[in-house]
Each structure stands twice: as C-alpha cells, then as structure tokens.
>>> print(open('upload_12.cif').read())   # mmCIF, C-alpha atoms, pLDDT in the B column; chains and numbers go by the auth columns
data_structure
loop_
_atom_site.group_PDB
_atom_site.id
_atom_site.type_symbol
_atom_site.label_atom_id
_atom_site.label_comp_id
_atom_site.label_asym_id
_atom_site.label_seq_id
_atom_site.Cartn_x
_atom_site.Cartn_y
_atom_site.Cartn_z
_atom_site.B_iso_or_equiv
_atom_site.auth_seq_id
_atom_site.auth_asym_id
ATOM 1 C CA MET A 1 10.414 12.581 -19.192 45.00 1 A
ATOM 2 C CA SER A 2 9.499 9.336 -20.909 48.00 2 A
ATOM 3 C CA ALA A 3 9.133 7.380 -17.653 51.00 3 A
ATOM 4 C CA GLN A 4 6.442 9.070 -15.620 60.00 4 A
ATOM 5 C CA TYR A 5 5.292 8.005 -12.190 61.00 5 A
ATOM 6 C CA ASP A 6 2.014 8.589 -10.423 63.00 6 A
ATOM 7 C CA GLU A 7 2.911 8.559 -6.730 61.00 7 A
ATOM 8 C CA GLY A 8 0.667 9.875 -3.999 59.00 8 A
ATOM 9 C CA HIS A 9 -2.073 11.333 -6.147 77.00 9 A
ATOM 10 C CA THR A 10 -4.827 9.208 -4.670 85.00 10 A
ATOM 11 C CA VAL A 11 -7.961 9.692 -2.630 89.00 11 A
ATOM 12 C CA ALA A 12 -6.342 7.782 0.243 90.00 12 A
ATOM 13 C CA GLY A 13 -3.202 9.920 0.147 88.00 13 A
ATOM 14 C CA TRP A 14 -4.934 13.274 0.013 91.00 14 A
ATOM 15 C CA THR A 15 -7.534 12.351 2.621 94.00 15 A
ATOM 16 C CA GLY A 16 -4.839 11.120 4.999 94.00 16 A
ATOM 17 C CA PHE A 17 -2.844 14.292 4.392 94.00 17 A
ATOM 18 C CA GLY A 18 -5.877 16.482 5.117 96.00 18 A
ATOM 19 C CA VAL A 19 -6.742 14.712 8.367 97.00 19 A
ATOM 20 C CA ALA A 20 -3.083 14.713 9.472 97.00 20 A
ATOM 21 C CA SER A 21 -2.857 18.447 8.750 98.00 21 A
ATOM 22 C CA VAL A 22 -5.819 19.103 11.025 97.00 22 A
ATOM 23 C CA GLY A 23 -4.123 17.007 13.716 97.00 23 A
ATOM 24 C CA ALA A 24 -0.892 18.992 13.322 97.00 24 A
ATOM 25 C CA VAL A 25 -2.765 22.263 13.664 98.00 25 A
ATOM 26 C CA VAL A 26 -4.471 21.026 16.844 97.00 26 A
ATOM 27 C CA VAL A 27 -1.095 19.927 18.276 97.00 27 A
ATOM 28 C CA GLY A 28 0.374 23.341 17.380 97.00 28 A
ATOM 29 C CA VAL A 29 -2.469 25.155 19.117 97.00 29 A
ATOM 30 C CA GLY A 30 -2.013 22.840 22.107 97.00 30 A
ATOM 31 C CA VAL A 31 1.674 23.733 22.313 97.00 31 A
ATOM 32 C CA CYS A 32 0.945 27.457 22.068 96.00 32 A
ATOM 33 C CA MET A 33 -1.777 27.265 24.706 96.00 33 A
ATOM 34 C CA VAL A 34 0.166 24.806 26.882 94.00 34 A
ATOM 35 C CA SER A 35 -2.817 22.474 26.861 95.00 35 A
ATOM 36 C CA ALA A 36 -2.229 18.767 27.407 96.00 36 A
ATOM 37 C CA ALA A 37 -5.800 18.034 26.308 97.00 37 A
ATOM 38 C CA LEU A 38 -5.257 19.649 22.886 97.00 38 A
ATOM 39 C CA LEU A 39 -1.948 17.819 22.503 97.00 39 A
ATOM 40 C CA VAL A 40 -3.655 14.482 23.151 97.00 40 A
ATOM 41 C CA VAL A 41 -6.536 15.306 20.806 97.00 41 A
ATOM 42 C CA GLY A 42 -4.130 16.391 18.063 97.00 42 A
ATOM 43 C CA LEU A 43 -2.079 13.224 18.406 97.00 43 A
ATOM 44 C CA GLY A 44 -5.304 11.203 18.349 98.00 44 A
ATOM 45 C CA VAL A 45 -6.303 12.894 15.093 98.00 45 A
ATOM 46 C CA GLY A 46 -2.879 11.960 13.723 97.00 46 A
ATOM 47 C CA VAL A 47 -3.500 8.299 14.550 97.00 47 A
ATOM 48 C CA VAL A 48 -6.953 8.530 12.962 97.00 48 A
ATOM 49 C CA SER A 49 -5.341 9.898 9.781 97.00 49 A
ATOM 50 C CA VAL A 50 -3.148 6.799 9.529 95.00 50 A
ATOM 51 C CA LEU A 51 -6.160 4.516 10.002 96.00 51 A
ATOM 52 C CA VAL A 52 -8.281 6.425 7.466 96.00 52 A
ATOM 53 C CA THR A 53 -5.491 6.267 4.888 92.00 53 A
ATOM 54 C CA TRP A 54 -5.009 2.539 5.496 91.00 54 A
ATOM 55 C CA VAL A 55 -8.712 1.730 5.172 93.00 55 A
ATOM 56 C CA LEU A 56 -9.009 3.760 1.961 91.00 56 A
ATOM 57 C CA HIS A 57 -5.898 2.067 0.573 88.00 57 A
ATOM 58 C CA LEU A 58 -7.375 -1.363 1.269 88.00 58 A
ATOM 59 C CA ALA A 59 -10.655 -0.272 -0.349 89.00 59 A
ATOM 60 C CA GLY A 60 -8.769 0.429 -3.569 87.00 60 A
ATOM 61 C CA TRP A 61 -8.445 4.203 -3.304 88.00 61 A
ATOM 62 C CA GLY A 62 -4.695 4.073 -2.728 83.00 62 A
ATOM 63 C CA LYS A 63 -2.144 2.841 -5.238 80.00 63 A
ATOM 64 C CA PRO A 64 1.357 1.451 -4.837 73.00 64 A
ATOM 65 C CA PRO A 65 4.236 3.621 -6.019 64.00 65 A
ATOM 66 C CA GLY A 66 5.765 2.971 -9.391 68.00 66 A
ATOM 67 C CA ARG A 67 4.751 2.760 -13.004 72.00 67 A
ATOM 68 C CA ARG A 68 1.167 2.155 -14.011 74.00 68 A
ATOM 69 C CA PRO A 69 -0.727 2.378 -17.280 75.00 69 A
ATOM 70 C CA ARG A 70 -1.858 5.891 -18.105 75.00 70 A
ATOM 71 C CA GLU A 71 -5.554 4.982 -17.709 78.00 71 A
ATOM 72 C CA GLN A 72 -4.920 4.269 -13.999 77.00 72 A
ATOM 73 C CA TRP A 73 -3.353 7.662 -13.262 75.00 73 A
ATOM 74 C CA GLY A 74 -6.537 9.521 -12.376 77.00 74 A
ATOM 75 C CA MET A 75 -7.441 10.186 -8.768 77.00 75 A
ATOM 76 C CA ARG A 76 -10.926 8.791 -9.233 78.00 76 A
ATOM 77 C CA VAL A 77 -9.674 5.465 -10.596 81.00 77 A
ATOM 78 C CA ARG A 78 -9.671 2.633 -8.098 83.00 78 A
ATOM 79 C CA ASP A 79 -6.736 0.260 -7.949 82.00 79 A
ATOM 80 C CA PRO A 80 -7.676 -3.099 -9.511 79.00 80 A
ATOM 81 C CA ALA A 81 -4.914 -4.958 -7.590 76.00 81 A
ATOM 82 C CA ALA A 82 -6.041 -3.861 -4.119 80.00 82 A
ATOM 83 C CA ARG A 83 -7.957 -7.062 -3.303 80.00 83 A
ATOM 84 C CA GLU A 84 -4.909 -9.295 -3.834 83.00 84 A
ATOM 85 C CA GLY A 85 -2.551 -6.913 -2.058 82.00 85 A
ATOM 86 C CA HIS A 86 0.464 -5.060 -3.355 78.00 86 A
ATOM 87 C CA ALA A 87 3.868 -6.688 -3.387 77.00 87 A
ATOM 88 C CA GLY A 88 6.066 -5.211 -0.686 77.00 88 A
ATOM 89 C CA CYS A 89 3.229 -3.155 0.837 81.00 89 A
ATOM 90 C CA LEU A 90 3.299 -3.133 4.642 81.00 90 A
ATOM 91 C CA GLY A 91 -0.344 -2.021 4.856 81.00 91 A
ATOM 92 C CA CYS A 92 -1.492 -4.918 2.683 83.00 92 A
ATOM 93 C CA ARG A 93 0.592 -7.402 4.685 83.00 93 A
ATOM 94 C CA LEU A 94 -0.848 -6.084 7.973 84.00 94 A
ATOM 95 C CA ALA A 95 -4.328 -6.654 6.542 85.00 95 A
ATOM 96 C CA GLY A 96 -3.432 -10.214 5.535 85.00 96 A
ATOM 97 C CA ARG A 97 -3.342 -9.413 1.834 81.00 97 A
ATOM 98 C CA GLY A 98 -0.490 -10.241 -0.434 69.00 98 A
ATOM 99 C CA ARG A 99 0.655 -13.185 1.663 59.00 99 A
ATOM 100 C CA ARG A 100 -0.820 -15.663 -0.797 54.00 100 A
ATOM 101 C CA THR A 101 1.178 -14.200 -3.629 48.00 101 A
ATOM 102 C CA ALA A 102 4.340 -14.236 -1.517 47.00 102 A
ATOM 103 C CA GLU A 103 3.705 -17.850 -0.509 51.00 103 A
ATOM 104 C CA VAL A 104 3.081 -18.835 -4.117 49.00 104 A
ATOM 105 C CA ALA A 105 6.288 -17.124 -5.242 47.00 105 A
ATOM 106 C CA THR A 106 8.213 -18.909 -2.478 49.00 106 A
ATOM 107 C CA SER A 107 6.713 -22.282 -3.329 47.00 107 A
ATOM 108 C CA VAL A 108 7.479 -21.764 -7.026 43.00 108 A
ATOM 109 C CA ALA A 109 11.072 -20.956 -6.137 45.00 109 A
ATOM 110 C CA VAL A 110 11.292 -24.051 -3.924 47.00 110 A
ATOM 111 C CA VAL A 111 9.739 -26.245 -6.616 47.00 111 A
ATOM 112 C CA GLY A 112 12.111 -24.750 -9.152 48.00 112 A
ATOM 113 C CA GLN A 113 15.046 -25.707 -6.915 48.00 113 A
ATOM 114 C CA ARG A 114 13.836 -29.239 -6.352 47.00 114 A
ATOM 115 C CA GLU A 115 13.215 -30.031 -10.013 49.00 115 A
ATOM 116 C CA PRO A 116 16.917 -30.310 -10.966 53.00 116 A
ATOM 117 C CA GLU A 117 17.498 -32.605 -7.988 54.00 117 A
ATOM 118 C CA ALA A 118 14.557 -34.781 -9.041 50.00 118 A
ATOM 119 C CA ALA A 119 15.828 -34.828 -12.629 51.00 119 A
ATOM 120 C CA ALA A 120 19.296 -35.849 -11.460 53.00 120 A
ATOM 121 C CA ALA A 121 17.821 -38.613 -9.318 51.00 121 A
ATOM 122 C CA ALA A 122 15.727 -39.847 -12.250 50.00 122 A
ATOM 123 C CA GLU A 123 18.789 -39.881 -14.509 54.00 123 A
ATOM 124 C CA SER A 124 20.810 -41.855 -11.973 54.00 124 A
ATOM 125 C CA LEU A 125 18.024 -44.462 -11.730 54.00 125 A
ATOM 126 C CA GLY A 126 17.392 -44.621 -15.375 51.00 126 A
#
>>> encode(input="upload_12.cif", output="structure tokens")
Amino acid sequence: MSAQYDEGHTVAGWTGFGVASVGAVVVGVGVCMVSAALLVVGLGVGVVSVLVTWVLHLAGWGKPPGRRPREQWGMRVRDPAAREGHAGCLGCRLAGRGRRTAEVATSVAVVGQREPEAAAAAESLG
C-alpha cells in the first residue's frame, strides 16, 4: 500500500451524494405512491445534486482523482489547482477552466514541431 489515493473524500463529493440520496428516496416514494409529482420532484433534486457538486468543485471543495501530497488529503483542505482547472476534468472544461492550459500545451507541441523545420531551413541557408 505504498501508493495511496484520495478519491471522492471531498466536501463536494459528500454533499452531492447526500442531496442525490434525498432525490432517490423521493423518487422511490413517488414510485410506491404512483405519484408523478413526487417523481418529478425527485428527479429535480437529482439535477440539483449535480449542480451543487459542480459548484462546490469549482469553488475548490472537490479534487481530481489521483495522487496528491498527504497534506491535501483532508476533507477540509481546499484544492489549490481549482482556479486553473484540472486537466481532463469535464466540469472544469464546461466552466471554461483548464482551456488555457490545454491551449498552452498544444501551442508548445506545435512550436516544438516547427523548431526542427526552422533549424533545417536555417542550415540550408547558412
């Protein structure tokens, strides 16, 4: 157990889970009572749980999966990388975060590809 992960133990994750559980209970009661109104309310609570989780994640209370330093494992520790966006995170991309880093990585790769061509052209002239 040398490589330990800290996945899902965040304020955003647990809050979203709690709200979604309430929504599931309301949907279950709606099914048992054959009530379309309770079904709609329960599904609405489910949608709210996704939005609450997303907002908390963007506020720094959710963390990306994977390895992190031990001092960032606690639930009450905010994610320092939340403002820039997490690489490969759909929620961050939907919020417009993380695109800058992806664009920079793409431009670095493009520049890295063009440099040998420029060097070859300079050698042929020189």
>>> closest_residue(input="upload_12.cif", among="A:Val45, A:Val31, A:Ala87, A:Leu58", to="Phe17 (chain A)", atoms="only C-alpha atoms")
A:Val45
>>> atom_distance(input="upload_12.cif", atom1="CA of Ala24 (chain A)", atom2="CA of His86 (chain A)")
29.3 Å
>>> closest_residue(input="upload_12.cif", among="A:Val52, A:Leu94, A:Ala82, A:Met33", to="Trp14 (chain A)", atoms="all atoms listed in the file")
A:Val52
>>> atom_distance(input="upload_12.cif", atom1="CA of Ala12 (chain A)", atom2="CA of Ala37 (chain A)")
28.0 Å
>>> resolve_selection(input="upload_12.cif", expression="the PyMOL selection byres ((chain A and resi 53) around 7)", output="VMD selection string")
chain A and resid 12 to 13 15 to 16 49 to 52 54 to 57
>>> axis_aligned_box(input="upload_12.cif", around="region 62-80 of chain A", padding_each_side="6 Å", output="JSON")
{"center_x": -2.6, "center_y": 3.5, "center_z": -10.4, "size_x": 28.7, "size_y": 25.3, "size_z": 27.4}
>>> closest_residue(input="upload_12.cif", among="A:Gly46, A:Gly96, A:Gly85, A:Gly74", to="Ala20 (chain A)", atoms="only C-alpha atoms")
A:Gly46
